[in-house]
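Shown next, in structure tokens, is the structure this report addresses.
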Amino acid sequence: MPLTFEDVYRVVRLIPKGRVMSYSGVARLCGAPRSARYVGFALHALLHRNPRGVPWWRVVNVHGRISNIYAPLEQQRRLEAEGVQVDEALRVDMQRYDAEELVAARLRTHRSLR
DNA sequence: CCAATGACCGTAA
DNA sequence: GTTACGGCCATTG
């Protein structure tokens with residue numbers, strides 16, 4: 001199944017304030033578990049224009065690390081503003097903040113991926 | 001139109 | 001801990 005940027009944005013918009021998700025987690029919930037890289041491509045496109053306020057800063061890599069090379073400090077600042085602790089290595093505690101299960105449950109409740 | 005372009009991840013050595 | 005590699009594909013200049 002082809003995965004569009006909008007599919008990615010739809011899931012990212014469901015990440016609650018003060019929580020994060022990994023690129024691979026977003027890919028999984030989009031139904032394309034091997035497309036983590038593609039999630040990065042979709043978020044990269046937001047640098048040019050982010051009309052619908054997609055909360056890109058809530059996506060980090062699977063280790064909890066901020067891997068955005070364009071605006072890492074802005075991402076850190078936005079996360080901290082929401083109460084997410086970011087350490088000196090630009091990492092967050094995934095055990096504590098990963099919202100994948102939460103968002104997955106919300107997707108199930110709201111009936112599938114649309 | 002079409003080739004280049006990208007914020008990744010899991011596995012293996 | 002390290003490097004390497006394949007999977008992934010819509011968007012855009």
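Within each chain, counting starts at residue 1; across the structure tokens, chains are named A, B, ... in the order shown, with ligands numbered 1 upward in that order.
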Which residues of chain A sit at most 8 Å from chain C, using only C-alpha atoms (C1' of nucleotides)? Give each one's shortest atom pair and distance in Å (one decimal place), in chain and ascending residue order, as a tab-separated table.
residue	atom	partner	partner_atom	distance
A:Pro2	CA	C:DC9	C1'	7.7
A:Leu3	CA	C:DC9	C1'	7.7
A:Thr4	CA	C:DA10	C1'	6.2
A:Phe5	CA	C:DA10	C1'	7.1
A:Arg34	CA	C:DC8	C1'	6.6
A:Ser35	CA	C:DC8	C1'	5.0
A:Ala36	CA	C:DC8	C1'	7.9
A:Arg37	CA	C:DC8	C1'	6.8
A:Tyr38	CA	C:DC8	C1'	6.4
Just all heavy atoms for this one: save the residues we selected as a CSV table (one decimal), in the first residue's frame.
chain,number,residue,atom,x,y,z
A,2,PRO,N,0.6,2.1,-1.0
A,2,PRO,CA,1.4,3.4,-1.0
A,2,PRO,C,1.1,4.2,0.2
A,2,PRO,O,0.0,4.4,0.6
A,2,PRO,CB,1.0,4.0,-2.3
A,2,PRO,CG,-0.3,3.5,-2.6
A,2,PRO,CD,-0.3,2.1,-2.0
A,3,LEU,N,2.2,4.9,0.7
A,3,LEU,CA,2.1,5.7,1.9
A,3,LEU,C,2.3,7.1,1.5
A,3,LEU,O,3.3,7.5,0.9
A,3,LEU,CB,3.2,5.3,2.9
A,3,LEU,CG,3.2,5.9,4.2
A,3,LEU,CD1,1.9,5.6,5.0
A,3,LEU,CD2,4.4,5.4,5.0
A,4,THR,N,1.3,8.0,1.8
A,4,THR,CA,1.5,9.4,1.4
A,4,THR,C,2.0,10.2,2.6
A,4,THR,O,1.9,9.8,3.8
A,4,THR,CB,0.2,10.0,1.0
A,4,THR,OG1,-0.7,10.0,2.1
A,4,THR,CG2,-0.5,9.2,-0.1
A,5,PHE,N,2.4,11.4,2.3
A,5,PHE,CA,2.9,12.3,3.4
A,5,PHE,C,1.7,12.6,4.4
A,5,PHE,O,1.9,12.7,5.6
A,5,PHE,CB,3.3,13.6,2.8
A,5,PHE,CG,4.7,13.6,2.2
A,5,PHE,CD1,5.4,12.4,2.1
A,5,PHE,CD2,5.4,14.8,1.8
A,5,PHE,CE1,6.7,12.4,1.5
A,5,PHE,CE2,6.7,14.7,1.3
A,5,PHE,CZ,7.3,13.5,1.2
A,34,ARG,N,8.3,-0.8,7.6
A,34,ARG,CA,9.6,-0.6,7.2
A,34,ARG,C,9.9,0.7,6.5
A,34,ARG,O,10.9,0.9,5.8
A,34,ARG,CB,10.0,-1.8,6.2
A,34,ARG,CG,10.2,-3.1,6.8
A,34,ARG,CD,10.3,-4.2,5.9
A,34,ARG,NE,8.9,-4.7,5.5
A,34,ARG,CZ,8.7,-5.6,4.6
A,34,ARG,NH1,9.7,-6.0,3.8
A,34,ARG,NH2,7.5,-6.0,4.3
A,35,SER,N,9.0,1.6,6.8
A,35,SER,CA,9.1,2.9,6.1
A,35,SER,C,9.5,4.1,7.0
A,35,SER,O,9.1,5.2,6.8
A,35,SER,CB,7.8,3.3,5.4
A,35,SER,OG,7.5,2.3,4.4
A,36,ALA,N,10.2,3.8,8.0
A,36,ALA,CA,10.6,4.8,9.0
A,36,ALA,C,11.3,6.0,8.3
A,36,ALA,O,11.1,7.1,8.6
A,36,ALA,CB,11.6,4.2,10.0
A,37,ARG,N,12.1,5.6,7.3
A,37,ARG,CA,12.9,6.6,6.6
A,37,ARG,C,11.9,7.6,5.8
A,37,ARG,O,12.2,8.8,5.8
A,37,ARG,CB,13.8,5.9,5.5
A,37,ARG,CG,14.8,6.8,4.9
A,37,ARG,CD,15.6,6.0,3.9
A,37,ARG,NE,16.8,6.7,3.5
A,37,ARG,CZ,17.6,6.3,2.6
A,37,ARG,NH1,17.4,5.1,2.0
A,37,ARG,NH2,18.6,7.0,2.2
A,38,TYR,N,10.9,7.0,5.3
A,38,TYR,CA,9.9,7.8,4.6
A,38,TYR,C,9.2,8.8,5.6
A,38,TYR,O,8.9,9.9,5.2
A,38,TYR,CB,8.8,6.9,4.0
A,38,TYR,CG,7.9,7.6,3.1
A,38,TYR,CD1,8.4,8.0,1.9
A,38,TYR,CD2,6.6,7.8,3.5
A,38,TYR,CE1,7.5,8.7,1.0
A,38,TYR,CE2,5.7,8.5,2.6
A,38,TYR,CZ,6.2,8.9,1.4
A,38,TYR,OH,5.4,9.6,0.6
Hey, list the chain B side of the contact with chain A: 7 Å cut-off, only C-alpha atoms (C1' of nucleotides), answer as an mmCIF file with all heavy atoms, in the first residue's frame.
data_model
loop_
_atom_site.group_PDB
_atom_site.id
_atom_site.type_symbol
_atom_site.label_atom_id
_atom_site.label_comp_id
_atom_site.auth_asym_id
_atom_site.auth_seq_id
_atom_site.Cartn_x
_atom_site.Cartn_y
_atom_site.Cartn_z
ATOM 1 P P DG B 6 18.048 16.768 -0.146
ATOM 2 O OP1 DG B 6 17.056 17.332 0.799
ATOM 3 O OP2 DG B 6 19.144 17.605 -0.651
ATOM 4 O "O5'" DG B 6 18.729 15.442 0.422
ATOM 5 C "C5'" DG B 6 18.569 14.897 1.725
ATOM 6 C "C4'" DG B 6 17.131 14.758 2.145
ATOM 7 O "O4'" DG B 6 16.376 14.179 1.075
ATOM 8 C "C3'" DG B 6 16.990 13.818 3.331
ATOM 9 O "O3'" DG B 6 16.732 14.634 4.490
ATOM 10 C "C2'" DG B 6 15.777 12.958 3.029
ATOM 11 C "C1'" DG B 6 15.514 13.176 1.560
ATOM 12 N N9 DG B 6 15.788 11.962 0.765
ATOM 13 C C8 DG B 6 17.011 11.398 0.527
ATOM 14 N N7 DG B 6 16.949 10.339 -0.237
ATOM 15 C C5 DG B 6 15.595 10.195 -0.507
ATOM 16 C C6 DG B 6 14.912 9.221 -1.276
ATOM 17 O O6 DG B 6 15.393 8.272 -1.892
ATOM 18 N N1 DG B 6 13.533 9.449 -1.287
ATOM 19 C C2 DG B 6 12.907 10.488 -0.656
ATOM 20 N N2 DG B 6 11.585 10.535 -0.779
ATOM 21 N N3 DG B 6 13.524 11.401 0.052
ATOM 22 C C4 DG B 6 14.865 11.194 0.093
ATOM 23 P P DA B 7 18.043 14.726 5.481
ATOM 24 O OP1 DA B 7 18.326 16.167 5.583
ATOM 25 O OP2 DA B 7 19.129 13.850 5.115
ATOM 26 O "O5'" DA B 7 17.527 14.164 6.860
ATOM 27 C "C5'" DA B 7 16.752 14.963 7.638
ATOM 28 C "C4'" DA B 7 16.483 14.271 8.937
ATOM 29 O "O4'" DA B 7 15.533 15.064 9.664
ATOM 30 C "C3'" DA B 7 15.847 12.858 8.873
ATOM 31 O "O3'" DA B 7 16.429 12.085 9.893
ATOM 32 C "C2'" DA B 7 14.417 13.134 9.111
ATOM 33 C "C1'" DA B 7 14.546 14.241 10.164
ATOM 34 N N9 DA B 7 13.364 15.005 10.411
ATOM 35 C C8 DA B 7 12.130 14.508 10.624
ATOM 36 N N7 DA B 7 11.221 15.412 10.860
ATOM 37 C C5 DA B 7 11.918 16.605 10.786
ATOM 38 C C6 DA B 7 11.526 17.945 10.927
ATOM 39 N N6 DA B 7 10.290 18.322 11.215
ATOM 40 N N1 DA B 7 12.463 18.900 10.783
ATOM 41 C C2 DA B 7 13.691 18.515 10.534
ATOM 42 N N3 DA B 7 14.191 17.279 10.365
ATOM 43 C C4 DA B 7 13.242 16.364 10.496
ATOM 44 P P DC B 8 17.296 10.732 9.505
ATOM 45 O OP1 DC B 8 18.289 10.563 10.544
ATOM 46 O OP2 DC B 8 17.689 10.741 8.102
ATOM 47 O "O5'" DC B 8 16.217 9.576 9.655
ATOM 48 C "C5'" DC B 8 15.071 9.670 10.457
ATOM 49 C "C4'" DC B 8 14.556 8.271 10.610
ATOM 50 O "O4'" DC B 8 14.815 7.570 9.391
ATOM 51 C "C3'" DC B 8 15.254 7.461 11.716
ATOM 52 O "O3'" DC B 8 14.278 6.752 12.468
ATOM 53 C "C2'" DC B 8 16.175 6.531 10.971
ATOM 54 C "C1'" DC B 8 15.429 6.318 9.678
ATOM 55 N N1 DC B 8 16.325 5.962 8.575
ATOM 56 C C2 DC B 8 16.120 4.747 7.906
ATOM 57 O O2 DC B 8 15.174 4.041 8.252
ATOM 58 N N3 DC B 8 16.966 4.398 6.911
ATOM 59 C C4 DC B 8 17.962 5.194 6.574
ATOM 60 N N4 DC B 8 18.764 4.813 5.595
ATOM 61 C C5 DC B 8 18.182 6.451 7.232
ATOM 62 C C6 DC B 8 17.349 6.776 8.217
ATOM 63 P P DC B 9 14.795 5.834 13.682
ATOM 64 O OP1 DC B 9 13.723 5.805 14.677
ATOM 65 O OP2 DC B 9 16.163 6.196 14.070
ATOM 66 O "O5'" DC B 9 14.839 4.418 12.990
ATOM 67 C "C5'" DC B 9 13.619 3.850 12.525
ATOM 68 C "C4'" DC B 9 13.833 2.385 12.237
ATOM 69 O "O4'" DC B 9 14.634 2.254 11.053
ATOM 70 C "C3'" DC B 9 14.573 1.639 13.341
ATOM 71 O "O3'" DC B 9 13.978 0.367 13.500
ATOM 72 C "C2'" DC B 9 15.980 1.516 12.809
ATOM 73 C "C1'" DC B 9 15.726 1.393 11.317
ATOM 74 N N1 DC B 9 16.858 1.819 10.465
ATOM 75 C C2 DC B 9 17.134 1.110 9.301
ATOM 76 O O2 DC B 9 16.426 0.148 9.011
ATOM 77 N N3 DC B 9 18.174 1.492 8.528
ATOM 78 C C4 DC B 9 18.904 2.542 8.878
ATOM 79 N N4 DC B 9 19.917 2.886 8.082
ATOM 80 C C5 DC B 9 18.637 3.290 10.055
ATOM 81 C C6 DC B 9 17.606 2.893 10.819
#
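Atom CA of Glu80 of chain A to atom CA of Asp7 of chain A spans 26.6 Å [interatomic distance, one decimal].
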Return as a count of residues only the full set of residues in chain A whose backbone-based DSSP assignment is strand (DSSP E or B).
8
For Ala99 of chain A, please output as number ranges by chain all residues within 10 Å (counting only C-alpha atoms (C1' of nucleotides); exclusion window: fewer than 5 positions along the same chain).
A: 14-22, 25-26, 58, 94, 104-105
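Taking atom CA of Gly64 of chain A and atom CA of Val86 of chain A as the two end points, the separation is 9.3 Å.
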I need the residues of chain A that end up classed as alpha helix (DSSP H) by DSSP on the backbone, written out as number ranges by chain.
A: 5-12, 23-29, 36-48, 72-81, 94-97, 100-109
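Going from atom CA of Val54 of chain A to atom CA of Arg91 of chain A covers 21.0 Å.
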Among A:Glu88, A:His63, A:Arg28, A:Gln75, Glu101 of chain A is approached most closely, using only C-alpha atoms, by A:Arg28
